[in-house]
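Q: One file: data_15.csv (CSV, C-alpha atoms).
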```csv
chain,number,residue,atom,x,y,z
A,30,MET,CA,117.7,88.5,96.9
A,31,PRO,CA,117.7,92.0,98.2
A,32,ILE,CA,115.8,92.9,101.3
A,33,SER,CA,113.3,95.8,100.8
A,34,LYS,CA,113.2,98.8,103.1
A,35,MET,CA,111.8,98.2,106.6
A,36,ALA,CA,108.5,99.8,107.3
A,37,ALA,CA,109.1,101.9,110.4
A,38,ALA,CA,105.4,101.5,111.4
A,39,LEU,CA,105.7,97.8,112.0
A,40,VAL,CA,107.8,98.0,115.1
A,41,CYS,CA,107.5,94.3,116.0
A,42,ALA,CA,109.9,93.4,113.1
A,43,LEU,CA,107.0,93.4,110.7
A,44,CYS,CA,109.4,94.5,108.0
A,45,THR,CA,108.5,94.4,104.3
A,46,ALA,CA,110.9,92.2,102.4
A,47,THR,CA,110.6,90.4,99.1
A,48,ALA,CA,109.7,86.8,99.7
A,49,ALA,CA,112.8,84.6,99.5
A,50,ALA,CA,112.9,81.6,97.2
A,51,GLN,CA,112.9,80.8,93.5
A,52,PRO,CA,111.1,83.5,91.5
A,53,VAL,CA,107.3,82.9,91.2
A,54,PRO,CA,105.6,84.4,88.1
A,55,ILE,CA,103.4,87.2,89.4
A,56,PRO,CA,99.7,87.6,88.4
A,57,ALA,CA,98.9,89.8,85.4
A,58,LEU,CA,96.4,92.2,86.7
A,59,SER,CA,94.9,95.3,85.1
A,60,ALA,CA,94.8,97.4,88.3
A,61,ARG,CA,96.8,100.6,88.3
A,62,ALA,CA,98.7,99.4,91.3
A,63,TRP,CA,98.6,96.3,93.6
A,64,LEU,CA,100.5,94.6,96.4
A,65,LEU,CA,100.2,91.4,98.3
A,66,LEU,CA,101.6,91.4,101.9
A,67,ASP,CA,102.0,88.4,104.1
A,68,ALA,CA,101.1,90.2,107.4
A,69,THR,CA,102.3,87.3,109.5
A,70,SER,CA,105.9,87.6,108.3
A,71,GLY,CA,105.7,91.2,107.1
A,72,GLN,CA,107.0,90.2,103.6
A,73,VAL,CA,105.8,91.6,100.3
A,74,LEU,CA,105.1,88.6,98.1
A,75,GLY,CA,104.5,90.6,94.9
A,76,ALA,CA,103.6,94.1,93.7
A,77,HIS,CA,103.1,96.4,90.8
A,78,ASP,CA,103.7,100.1,91.2
A,79,PRO,CA,103.4,99.8,95.0
A,80,ASP,CA,104.8,103.3,95.6
A,81,LYS,CA,102.8,105.1,92.9
A,82,ARG,CA,100.7,107.9,94.4
A,83,ILE,CA,97.0,107.0,94.2
A,84,GLU,CA,93.7,108.4,95.3
A,85,PRO,CA,92.6,106.2,98.2
A,86,ALA,CA,88.9,107.2,98.0
A,87,SER,CA,87.0,105.3,100.8
A,88,LEU,CA,90.1,103.3,101.7
A,89,THR,CA,90.7,106.5,103.7
A,90,LYS,CA,88.1,105.2,106.1
A,91,MET,CA,90.6,102.5,107.3
A,92,MET,CA,92.6,105.3,109.0
A,93,THR,CA,89.4,106.8,110.3
A,94,ALA,CA,88.6,103.4,111.9
A,95,TYR,CA,92.1,103.1,113.3
A,96,VAL,CA,91.8,106.4,115.1
A,97,VAL,CA,88.4,105.6,116.4
A,98,PHE,CA,89.6,102.1,117.6
A,99,GLN,CA,92.4,103.9,119.4
A,100,ALA,CA,89.8,106.1,121.2
A,101,LEU,CA,87.9,103.0,122.2
A,102,ARG,CA,91.1,101.3,123.5
A,103,ASP,CA,92.1,104.4,125.5
A,104,HIS,CA,88.5,104.8,126.9
A,105,ALA,CA,88.1,108.2,125.4
A,106,VAL,CA,84.8,107.0,124.0
A,107,ALA,CA,82.8,103.7,124.3
A,108,ARG,CA,80.8,101.8,121.8
A,109,ASP,CA,77.6,103.1,123.4
A,110,THR,CA,78.8,106.7,123.4
A,111,ARG,CA,76.1,108.8,121.7
A,112,VAL,CA,77.1,111.3,119.0
A,113,THR,CA,74.8,114.1,118.0
A,114,VAL,CA,74.7,114.3,114.2
A,115,SER,CA,75.7,117.7,112.9
A,116,THR,CA,74.5,119.5,109.9
A,117,ARG,CA,77.9,119.1,108.4
A,118,ALA,CA,77.7,115.4,108.7
A,119,TRP,CA,74.2,115.3,107.3
A,120,LYS,CA,75.1,117.5,104.3
A,121,VAL,CA,78.2,115.6,103.2
A,122,ALA,CA,78.1,115.1,99.4
A,123,PRO,CA,74.5,114.1,98.9
A,124,GLY,CA,75.2,111.8,96.0
A,125,SER,CA,78.0,109.9,97.7
A,126,SER,CA,77.9,106.8,100.0
A,127,ARG,CA,75.8,107.5,103.1
A,128,MET,CA,74.3,105.7,106.1
A,129,PHE,CA,71.5,108.3,106.0
A,130,LEU,CA,72.0,110.1,109.3
A,131,GLU,CA,69.5,112.7,110.3
A,132,PRO,CA,70.7,116.1,111.8
A,133,GLY,CA,70.2,116.5,115.5
A,134,LYS,CA,69.7,112.7,116.1
A,135,GLN,CA,72.0,110.9,118.5
A,136,VAL,CA,73.7,107.8,117.2
A,137,SER,CA,76.1,105.5,119.0
A,138,VAL,CA,79.8,105.1,118.1
A,139,ASP,CA,79.0,101.4,117.5
A,140,GLU,CA,76.3,102.2,114.9
A,141,LEU,CA,78.6,104.8,113.2
A,142,LEU,CA,81.4,102.2,112.9
A,143,TYR,CA,79.0,99.8,111.1
A,144,GLY,CA,77.9,102.8,108.9
A,145,LEU,CA,81.5,103.6,108.2
A,146,LEU,CA,82.9,100.2,107.4
A,147,VAL,CA,79.8,98.3,106.0
A,148,GLN,CA,77.8,101.1,104.3
A,149,SER,CA,80.9,103.2,103.7
A,150,GLY,CA,79.0,106.2,104.9
A,151,ASN,CA,80.7,109.5,104.4
A,152,ASP,CA,78.2,111.0,106.9
A,153,ALA,CA,79.3,108.4,109.4
A,154,ALA,CA,83.0,109.4,108.9
A,155,ILE,CA,82.2,113.1,109.7
A,156,ALA,CA,80.0,112.2,112.7
A,157,LEU,CA,82.8,109.9,114.1
A,158,ALA,CA,85.4,112.6,113.6
A,159,GLU,CA,83.4,115.2,115.4
A,160,GLY,CA,82.4,112.7,118.2
A,161,VAL,CA,86.0,111.5,118.9
A,162,ALA,CA,88.0,114.7,118.3
A,163,GLY,CA,85.5,117.5,118.7
A,164,SER,CA,86.0,118.7,115.1
A,165,VAL,CA,86.8,117.2,111.7
A,166,GLU,CA,90.0,119.3,111.5
A,167,ALA,CA,91.3,118.0,114.8
A,168,PHE,CA,90.5,114.4,113.8
A,169,VAL,CA,92.2,114.7,110.5
A,170,ALA,CA,95.3,116.0,112.3
A,171,ARG,CA,95.3,112.8,114.3
A,172,MET,CA,95.0,110.7,111.2
A,173,ASN,CA,98.1,112.4,109.7
A,174,GLN,CA,99.9,112.0,113.0
A,175,GLU,CA,99.2,108.3,113.0
A,176,ALA,CA,100.3,108.0,109.4
A,177,GLY,CA,103.6,109.6,110.3
A,178,GLU,CA,104.1,107.4,113.3
A,179,MET,CA,103.4,104.3,111.2
A,180,GLY,CA,106.0,105.4,108.6
A,181,LEU,CA,103.5,106.0,105.9
A,182,ALA,CA,105.7,108.6,104.2
A,183,SER,CA,103.6,108.7,101.0
A,184,THR,CA,100.3,109.2,102.7
A,185,HIS,CA,98.3,112.3,103.6
A,186,PHE,CA,94.7,112.9,104.5
A,187,SER,CA,92.6,116.0,104.2
A,188,ASN,CA,89.3,114.5,105.4
A,189,PRO,CA,88.0,111.4,107.2
A,190,HIS,CA,86.0,109.9,104.3
A,191,GLY,CA,88.2,110.0,101.2
A,192,LEU,CA,86.1,112.2,98.9
A,193,PRO,CA,88.4,113.6,96.2
A,194,ASP,CA,90.9,116.2,97.4
A,195,PRO,CA,94.5,116.8,96.1
A,196,GLN,CA,95.7,116.6,99.7
A,197,THR,CA,94.3,113.1,100.2
A,198,TYR,CA,96.7,110.5,98.7
A,199,SER,CA,98.5,107.2,99.5
A,200,THR,CA,100.2,104.2,97.9
A,201,ALA,CA,99.4,100.5,97.7
A,202,ARG,CA,102.4,99.8,100.0
A,203,ASP,CA,101.3,102.3,102.7
A,204,LEU,CA,97.7,101.0,102.6
A,205,SER,CA,99.0,97.4,103.2
A,206,VAL,CA,101.0,98.6,106.2
A,207,LEU,CA,97.9,100.4,107.6
A,208,ALA,CA,95.7,97.3,107.1
A,209,ALA,CA,98.3,95.1,108.8
A,210,ARG,CA,98.5,97.5,111.7
A,211,ILE,CA,94.7,97.5,112.2
A,212,VAL,CA,94.7,93.7,112.4
A,213,ARG,CA,97.7,93.6,114.7
A,214,ASP,CA,96.8,96.5,117.0
A,215,PHE,CA,93.1,95.8,117.3
A,216,PRO,CA,92.5,92.1,117.0
A,217,ASP,CA,89.3,92.3,118.9
A,218,LEU,CA,87.9,95.0,116.7
A,219,ALA,CA,89.3,94.1,113.3
A,220,GLY,CA,86.7,92.0,111.5
A,221,THR,CA,83.9,93.0,113.9
A,222,TYR,CA,82.6,95.6,111.5
A,223,ASP,CA,84.3,95.2,108.2
A,224,ALA,CA,83.4,91.5,107.9
A,225,THR,CA,79.7,92.2,108.4
A,226,ARG,CA,77.8,91.4,105.1
A,227,GLN,CA,75.0,94.0,105.5
A,228,TYR,CA,73.8,96.5,108.0
A,229,THR,CA,70.5,98.3,108.5
A,230,TYR,CA,70.2,101.8,109.9
A,231,ASN,CA,67.2,104.1,109.7
A,232,ARG,CA,65.2,101.2,108.1
A,233,ILE,CA,67.6,101.2,105.2
A,234,THR,CA,69.6,98.0,104.6
A,235,GLN,CA,72.8,98.2,102.6
A,236,PRO,CA,75.2,95.4,101.7
A,237,ASN,CA,79.0,95.4,102.3
A,238,ARG,CA,80.6,96.3,99.0
A,239,ASN,CA,83.4,93.8,99.7
A,240,ARG,CA,82.0,90.9,97.5
A,241,LEU,CA,84.8,88.6,98.7
A,242,LEU,CA,82.9,88.2,102.0
A,243,TRP,CA,80.5,86.0,100.0
A,244,LEU,CA,83.0,84.2,97.8
A,245,ASP,CA,85.8,83.2,100.3
A,246,ALA,CA,85.2,82.1,103.8
A,247,SER,CA,88.8,83.0,104.8
A,248,VAL,CA,88.2,86.7,103.9
A,249,ASP,CA,87.4,88.8,107.0
A,250,GLY,CA,87.8,92.4,105.9
A,251,MET,CA,88.7,95.2,105.1
A,252,LYS,CA,87.5,98.1,102.9
A,253,THR,CA,86.4,99.1,99.4
A,254,GLY,CA,86.9,102.4,97.7
A,255,HIS,CA,85.5,104.1,94.6
A,256,THR,CA,85.3,107.4,92.9
A,257,GLU,CA,85.2,108.2,89.2
A,258,SER,CA,88.8,109.4,89.2
A,259,ALA,CA,90.2,106.7,91.5
A,260,GLY,CA,88.5,103.7,89.9
A,261,TYR,CA,87.5,100.7,92.0
A,262,SER,CA,89.8,99.6,94.8
A,263,LEU,CA,89.8,97.0,97.5
A,264,VAL,CA,92.0,96.2,100.5
A,265,ALA,CA,91.2,92.6,101.5
A,266,THR,CA,92.4,90.5,104.4
A,267,ALA,CA,92.3,86.7,104.6
A,268,ARG,CA,93.4,84.2,107.3
A,269,ARG,CA,94.1,80.5,106.7
A,270,ALA,CA,95.9,77.8,108.6
A,271,SER,CA,98.8,76.2,106.9
A,272,ALA,CA,101.4,73.8,108.3
A,273,GLY,CA,100.5,74.8,111.9
A,274,VAL,CA,100.7,78.5,111.2
A,275,GLN,CA,97.7,80.9,110.9
A,276,ARG,CA,98.7,83.0,107.9
A,277,ARG,CA,97.3,86.4,107.3
A,278,LEU,CA,97.5,87.9,103.8
A,279,VAL,CA,96.6,91.5,102.9
A,280,SER,CA,95.9,92.3,99.2
A,281,VAL,CA,95.7,95.8,97.9
A,282,VAL,CA,94.2,96.4,94.5
A,283,VAL,CA,93.6,100.0,93.4
A,284,GLY,CA,92.3,101.6,90.2
A,285,THR,CA,90.4,98.8,88.5
A,286,ALA,CA,87.7,99.4,85.9
A,287,SER,CA,84.8,97.9,87.8
A,288,ASP,CA,83.5,96.3,91.1
A,289,ARG,CA,83.8,92.9,89.4
A,290,ASP,CA,87.4,93.5,88.4
A,291,ARG,CA,88.5,94.6,91.9
A,292,THR,CA,86.8,91.5,93.4
A,293,GLN,CA,88.3,89.0,90.9
A,294,GLN,CA,91.8,90.5,91.0
A,295,SER,CA,91.8,90.6,94.8
A,296,ARG,CA,90.7,87.0,94.9
A,297,GLU,CA,93.3,86.0,92.4
A,298,LEU,CA,96.1,87.7,94.4
A,299,LEU,CA,95.0,86.0,97.7
A,300,GLU,CA,94.9,82.5,96.0
A,301,TRP,CA,98.2,83.1,94.4
A,302,GLY,CA,99.8,84.0,97.7
A,303,PHE,CA,98.3,81.1,99.7
A,304,ARG,CA,99.1,78.6,96.9
A,305,ASN,CA,102.7,79.5,96.1
A,306,PHE,CA,104.1,80.4,99.5
A,307,GLU,CA,104.2,79.1,103.0
A,308,THR,CA,105.0,80.9,106.2
A,309,VAL,CA,107.5,79.3,108.7
A,310,ARG,CA,107.9,80.4,112.3
A,311,LEU,CA,111.6,81.0,112.9
A,312,TYR,CA,111.4,81.7,116.7
A,313,ALA,CA,108.7,82.1,119.3
A,314,GLY,CA,108.4,85.5,120.9
A,315,GLY,CA,110.1,85.7,124.3
A,316,SER,CA,112.1,82.5,123.9
A,317,PRO,CA,115.9,82.9,124.0
A,318,VAL,CA,117.8,82.1,120.8
A,319,GLY,CA,121.2,82.7,122.3
A,320,SER,CA,123.0,84.1,125.4
A,321,PRO,CA,125.9,86.3,124.4
A,322,ARG,CA,128.6,87.5,126.7
A,323,VAL,CA,128.0,90.8,128.6
A,324,TRP,CA,130.7,92.9,130.1
A,325,LYS,CA,130.6,95.1,133.2
A,326,GLY,CA,127.2,93.6,134.1
A,327,ALA,CA,125.7,92.1,137.2
A,328,ARG,CA,125.3,89.0,135.0
A,329,SER,CA,127.8,87.7,132.5
A,330,THR,CA,125.3,86.8,129.8
A,331,VAL,CA,122.0,88.0,128.5
A,332,PRO,CA,119.2,86.0,126.9
A,333,MET,CA,118.5,87.4,123.4
A,334,GLY,CA,115.6,86.8,121.0
A,335,PHE,CA,112.5,88.4,119.7
A,336,GLN,CA,109.6,90.0,121.6
A,337,ARG,CA,107.1,88.6,119.2
A,338,ASP,CA,106.9,85.4,117.1
A,339,THR,CA,109.1,85.8,114.1
A,340,TYR,CA,108.3,84.3,110.7
A,341,ILE,CA,109.6,84.0,107.2
A,342,THR,CA,107.6,83.4,104.0
A,343,VAL,CA,109.2,81.1,101.4
A,344,ARG,CA,108.4,78.7,98.6
A,345,PRO,CA,107.3,75.3,99.9
A,346,GLY,CA,110.3,73.0,100.6
A,347,ALA,CA,112.9,75.9,100.7
A,348,ARG,CA,116.0,75.4,102.8
A,349,ILE,CA,116.3,77.9,105.6
A,350,GLU,CA,119.6,78.7,107.3
A,351,ARG,CA,119.8,80.9,110.4
A,352,THR,CA,123.0,82.6,111.7
A,353,LEU,CA,123.1,84.7,115.0
A,354,HIS,CA,125.4,87.7,115.1
A,355,PRO,CA,125.6,89.1,118.7
A,356,ALA,CA,126.9,92.6,119.0
A,357,SER,CA,130.4,92.7,120.5
A,358,PRO,CA,131.3,93.9,123.0
A,359,LEU,CA,128.0,94.1,124.9
A,360,ILE,CA,128.4,96.6,127.8
A,361,ALA,CA,126.0,96.7,130.7
A,362,PRO,CA,123.6,98.2,131.7
A,363,LEU,CA,121.3,96.7,129.1
A,364,ALA,CA,117.5,97.3,129.0
A,365,ALA,CA,115.0,94.7,128.1
A,366,GLY,CA,114.1,95.2,124.4
A,367,GLN,CA,117.5,96.8,123.6
A,368,ARG,CA,119.0,95.6,120.4
A,369,VAL,CA,121.9,93.3,121.1
A,370,GLY,CA,122.5,91.5,117.8
A,371,GLU,CA,121.1,90.4,114.5
A,372,LEU,CA,119.7,87.3,112.9
A,373,GLU,CA,120.8,86.5,109.4
A,374,VAL,CA,118.5,84.3,107.4
A,375,ARG,CA,119.4,82.6,104.1
A,376,VAL,CA,117.0,80.7,101.9
A,377,ASP,CA,118.3,78.1,99.5
A,378,GLY,CA,121.8,79.6,100.0
A,379,GLU,CA,120.7,83.2,99.2
A,380,PRO,CA,120.5,86.1,101.6
A,381,ALA,CA,116.9,86.7,102.6
A,382,ARG,CA,116.4,88.7,105.8
A,383,ARG,CA,118.3,90.4,108.6
A,384,LEU,CA,116.3,90.9,111.7
A,385,PRO,CA,117.2,92.7,115.0
A,386,LEU,CA,117.7,90.6,118.1
A,387,VAL,CA,116.9,92.2,121.5
A,388,ALA,CA,117.7,91.6,125.1
A,389,LEU,CA,114.8,89.6,126.7
A,390,GLN,CA,115.9,90.6,130.2
A,391,PRO,CA,117.6,93.7,131.6
A,392,VAL,CA,121.2,93.4,132.8
A,393,PRO,CA,122.1,96.0,135.4
A,394,ALA,CA,125.6,97.3,135.8
A,395,ALA,CA,128.1,95.5,138.0
A,396,SER,CA,129.7,96.9,141.1
A,397,TRP,CA,132.6,99.3,140.7
A,398,PHE,CA,135.0,96.4,141.1
A,399,GLY,CA,133.3,94.3,138.5
A,400,ARG,CA,133.2,97.1,136.0
A,401,THR,CA,136.9,98.0,136.6
A,402,TRP,CA,137.9,94.3,136.3
A,403,ASP,CA,135.9,93.8,133.0
A,404,GLY,CA,137.3,97.1,131.7
A,405,LEU,CA,140.8,95.8,132.2
A,406,ARG,CA,140.0,92.5,130.5
A,407,LEU,CA,138.4,94.3,127.6
A,408,TRP,CA,141.5,96.5,127.2
A,409,LEU,CA,143.7,93.4,127.2
A,410,ARG,CA,141.5,91.9,124.5
A,411,GLY,CA,141.8,95.1,122.4
A,412,LEU,CA,138.0,95.7,122.6
A,413,GLY,CA,138.2,99.0,124.4
A,414,ALA,CA,136.9,100.0,127.9
```
Can you give me the file's structure in the form of structure tokens?
A:
Amino acid sequence: MPISKMAAALVCALCTATAAAQPVPIPALSARAWLLLDATSGQVLGAHDPDKRIEPASLTKMMTAYVVFQALRDHAVARDTRVTVSTRAWKVAPGSSRMFLEPGKQVSVDELLYGLLVQSGNDAAIALAEGVAGSVEAFVARMNQEAGEMGLASTHFSNPHGLPDPQTYSTARDLSVLAARIVRDFPDLAGTYDATRQYTYNRITQPNRNRLLWLDASVDGMKTGHTESAGYSLVATARRASAGVQRRLVSVVVGTASDRDRTQQSRELLEWGFRNFETVRLYAGGSPVGSPRVWKGARSTVPMGFQRDTYITVRPGARIERTLHPASPLIAPLAAGQRVGELEVRVDGEPARRLPLVALQPVPAASWFGRTWDGLRLWLRGLGA
């Protein structure tokens, strides 16, 4: 089974690959596009038109949250930082989703994040953009910079809220990568806001539009979206323990006809993924899986492996074979994290994944004598100097 293109954004070997095993009939959904990602292994379990350009609507707020989470992590702002609500934030599309901010009032970043992710407030998105970056334009530039660094080649933002604009677009695949990055990069913040069922601000209580939070205890995020042109969309995340592994699935359903449809189809996708596949840990992060020969180094071998736990998603009972392919020759100096080989994985005899192996420790260069002696030995072996 062919391996799909690696998503450059998921630098910890979270590469998107078609799940290996016997074919599983995929759900028949009416959504314009959909995708189910096992974020634990990084494998796409099923998809329909995952690279079709779509209007993300309020799913845009996922990237808005990501940039704000970055600012919190980097101590550029704090949760209790007060933001003065501008007229621009107050005036945003009066008929659209709002948390009902008042101009001139100071609101905390914490309150605005609840307004953004629970109430889907477009006014909250503007206020956060201005509070974090100084202006909406500067904030949107950061959003697009992050999209580029994540490898979201089919995504672009023109605003922080997702109201219709020809220059705001994405795909189901890109949105799944973004959701997985939020969970991976900000485990202490992901779920803090988007899993909250309702939030009250300015004496107005609004429910979270993600109905799965009431229907499935394993669902802990992430965001809904809707405009007349985009239809109803939902990116949902769910976490369940299975065979000793905490599996995280991300479903992306875009362009359904109703709130009910996006909820039912997202639930169907998640159940299909948990029921028909299992995720197996191949190797623990930081644990050597081999020690290949190193030439011209202060040490003759290097421990190689993965910096993070590495998983594969397969059908239950599948036979998994692993073959290590160290690079040859390996010439010192080698830095920790440098690629030094590849792991080939076959499932039920069929090629499934090829994953990069890295040096787990640095190997400095040997002395002049050691390098000269190894150079001679390499020459005699026909491996070059």
Q: Of the residues A:Arg322, A:Arg310, A:Arg82, A:Arg127, which is the one nearest to Phe335 in chain A, using all atoms listed in the file?
A: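 Ranked by minimum distance to Phe335 in chain A, first place goes to A:Arg310.
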Q: Kindly indicate which residue among A:Ser125, A:Thr200, A:Ser87, A:Ser137 lies nearest to Asp109 in chain A, using all atoms listed in the file for the distances.
A: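 Between A:Ser125, A:Thr200, A:Ser87, A:Ser137, the residue approaching Asp109 in chain A most closely is A:Ser137.
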Q: Place a sphere of radius 9 Å on (93.7, 104.9, 92.7) in the file coordinates and name every protein, DNA or RNA residue with an atom inside or on its surface, counting all atoms listed in the file; give the answer as a list in words.
A: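 All residues meeting the 9 Å criterion around (93.7, 104.9, 92.7) are Ala60, Arg61, Ala62, Arg82, Ile83, Glu84, Pro85, Ala86, Tyr198, Ser199, Thr200, Ala201, Gly254, His255, Thr256, Ser258, Ala259, Gly260, Tyr261, Ser262, Val282, Val283, Gly284 and Thr285 of chain A.
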Q: So how many Å separate CA of Leu88 in chain A and CA of Ser205 in chain A, to one decimal?
A: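 If I compute the distance from CA of Leu88 in chain A to CA of Ser205 in chain A, I get 10.8 Å.
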Q: Could you check which of A:Ala162, A:Thr339, A:Arg102, A:Ala395 is closest to Pro216 in chain A, using only C-alpha atoms?
A: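 Between A:Ala162, A:Thr339, A:Arg102, A:Ala395, the residue approaching Pro216 in chain A most closely is A:Arg102.
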Q: Write out as a list in words the residues lying within 8 Å of range 181-187 of chain A, counting all atoms listed in the file and excluding same-chain residues fewer than 6 positions away.
A: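 Near neighbours after the sequence-gap exclusion: Ala38, Asp80, Arg82, Thr89, Val169, Met172, Asn173, Asp194, Gln196, Thr197, Tyr198, Ser199, Thr200, Asp203 and Val206 of chain A.
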Q: Would you pick out the contacts of Ser149 in chain A at 8 Å or less, using all atoms listed in the file, so that residues sharing its chain but fewer than 4 positions from it are not included, and give the list as number ranges by chain?
A: A: 87, 90, 126-128, 144-145, 153
Q: Of the candidates A:Val343, A:Val374, A:Val331, A:Val138, which shows the shortest atom-to-atom distance to Val392 in chain A, using only C-alpha atoms?
A: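 Residue with the minimum atom-to-atom distance to Val392 in chain A: A:Val331.
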Q: Counting all atoms listed in the file, figure out which residue out of A:Gly366, A:Arg348, A:Leu130, A:Leu386 gets nearest to Ile233 in chain A.
A: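 Using all atoms listed in the file, Ile233 in chain A sits closest to A:Leu130.
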Q: Any chance you could model N, CA, C and O atoms for range 349-361 of chain A and send them as a CSV table (one decimal), keeping the file's coordinate frame?
A:
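As written to disk, rebuild_37.csv reads:
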```csv
chain,number,residue,atom,x,y,z
A,349,ILE,N,116.1,76.7,104.8
A,349,ILE,CA,116.3,77.9,105.6
A,349,ILE,C,117.5,77.8,106.5
A,349,ILE,O,117.5,76.8,107.3
A,350,GLU,N,118.4,78.7,106.5
A,350,GLU,CA,119.6,78.7,107.3
A,350,GLU,C,119.6,80.0,108.2
A,350,GLU,O,119.3,81.0,107.7
A,351,ARG,N,119.9,79.8,109.5
A,351,ARG,CA,119.8,80.9,110.4
A,351,ARG,C,121.2,81.1,111.1
A,351,ARG,O,121.8,80.1,111.6
A,352,THR,N,121.7,82.3,111.1
A,352,THR,CA,123.0,82.6,111.7
A,352,THR,C,122.8,83.8,112.7
A,352,THR,O,122.3,84.8,112.3
A,353,LEU,N,123.2,83.6,114.0
A,353,LEU,CA,123.1,84.7,115.0
A,353,LEU,C,124.4,85.5,115.0
A,353,LEU,O,125.5,84.9,114.9
A,354,HIS,N,124.2,86.8,115.0
A,354,HIS,CA,125.4,87.7,115.1
A,354,HIS,C,125.2,88.6,116.3
A,354,HIS,O,124.7,89.7,116.2
A,355,PRO,N,125.7,88.2,117.5
A,355,PRO,CA,125.6,89.1,118.7
A,355,PRO,C,126.5,90.3,118.5
A,355,PRO,O,127.5,90.2,117.9
A,356,ALA,N,126.0,91.4,119.0
A,356,ALA,CA,126.9,92.6,119.0
A,356,ALA,C,128.1,92.4,120.0
A,356,ALA,O,127.9,91.6,121.0
A,357,SER,N,129.2,92.9,119.6
A,357,SER,CA,130.4,92.7,120.5
A,357,SER,C,131.2,94.0,120.5
A,357,SER,O,131.5,94.5,119.4
A,358,PRO,N,131.6,94.5,121.7
A,358,PRO,CA,131.3,93.9,123.0
A,358,PRO,C,129.9,94.5,123.4
A,358,PRO,O,129.5,95.6,123.1
A,359,LEU,N,129.2,93.7,124.2
A,359,LEU,CA,128.0,94.1,124.9
A,359,LEU,C,128.3,94.6,126.3
A,359,LEU,O,128.8,93.9,127.1
A,360,ILE,N,128.0,95.9,126.5
A,360,ILE,CA,128.4,96.6,127.8
A,360,ILE,C,127.2,96.9,128.6
A,360,ILE,O,126.2,97.5,128.1
A,361,ALA,N,127.1,96.4,129.8
A,361,ALA,CA,126.0,96.7,130.7
A,361,ALA,C,126.1,98.2,131.1
A,361,ALA,O,127.2,98.8,131.1
```
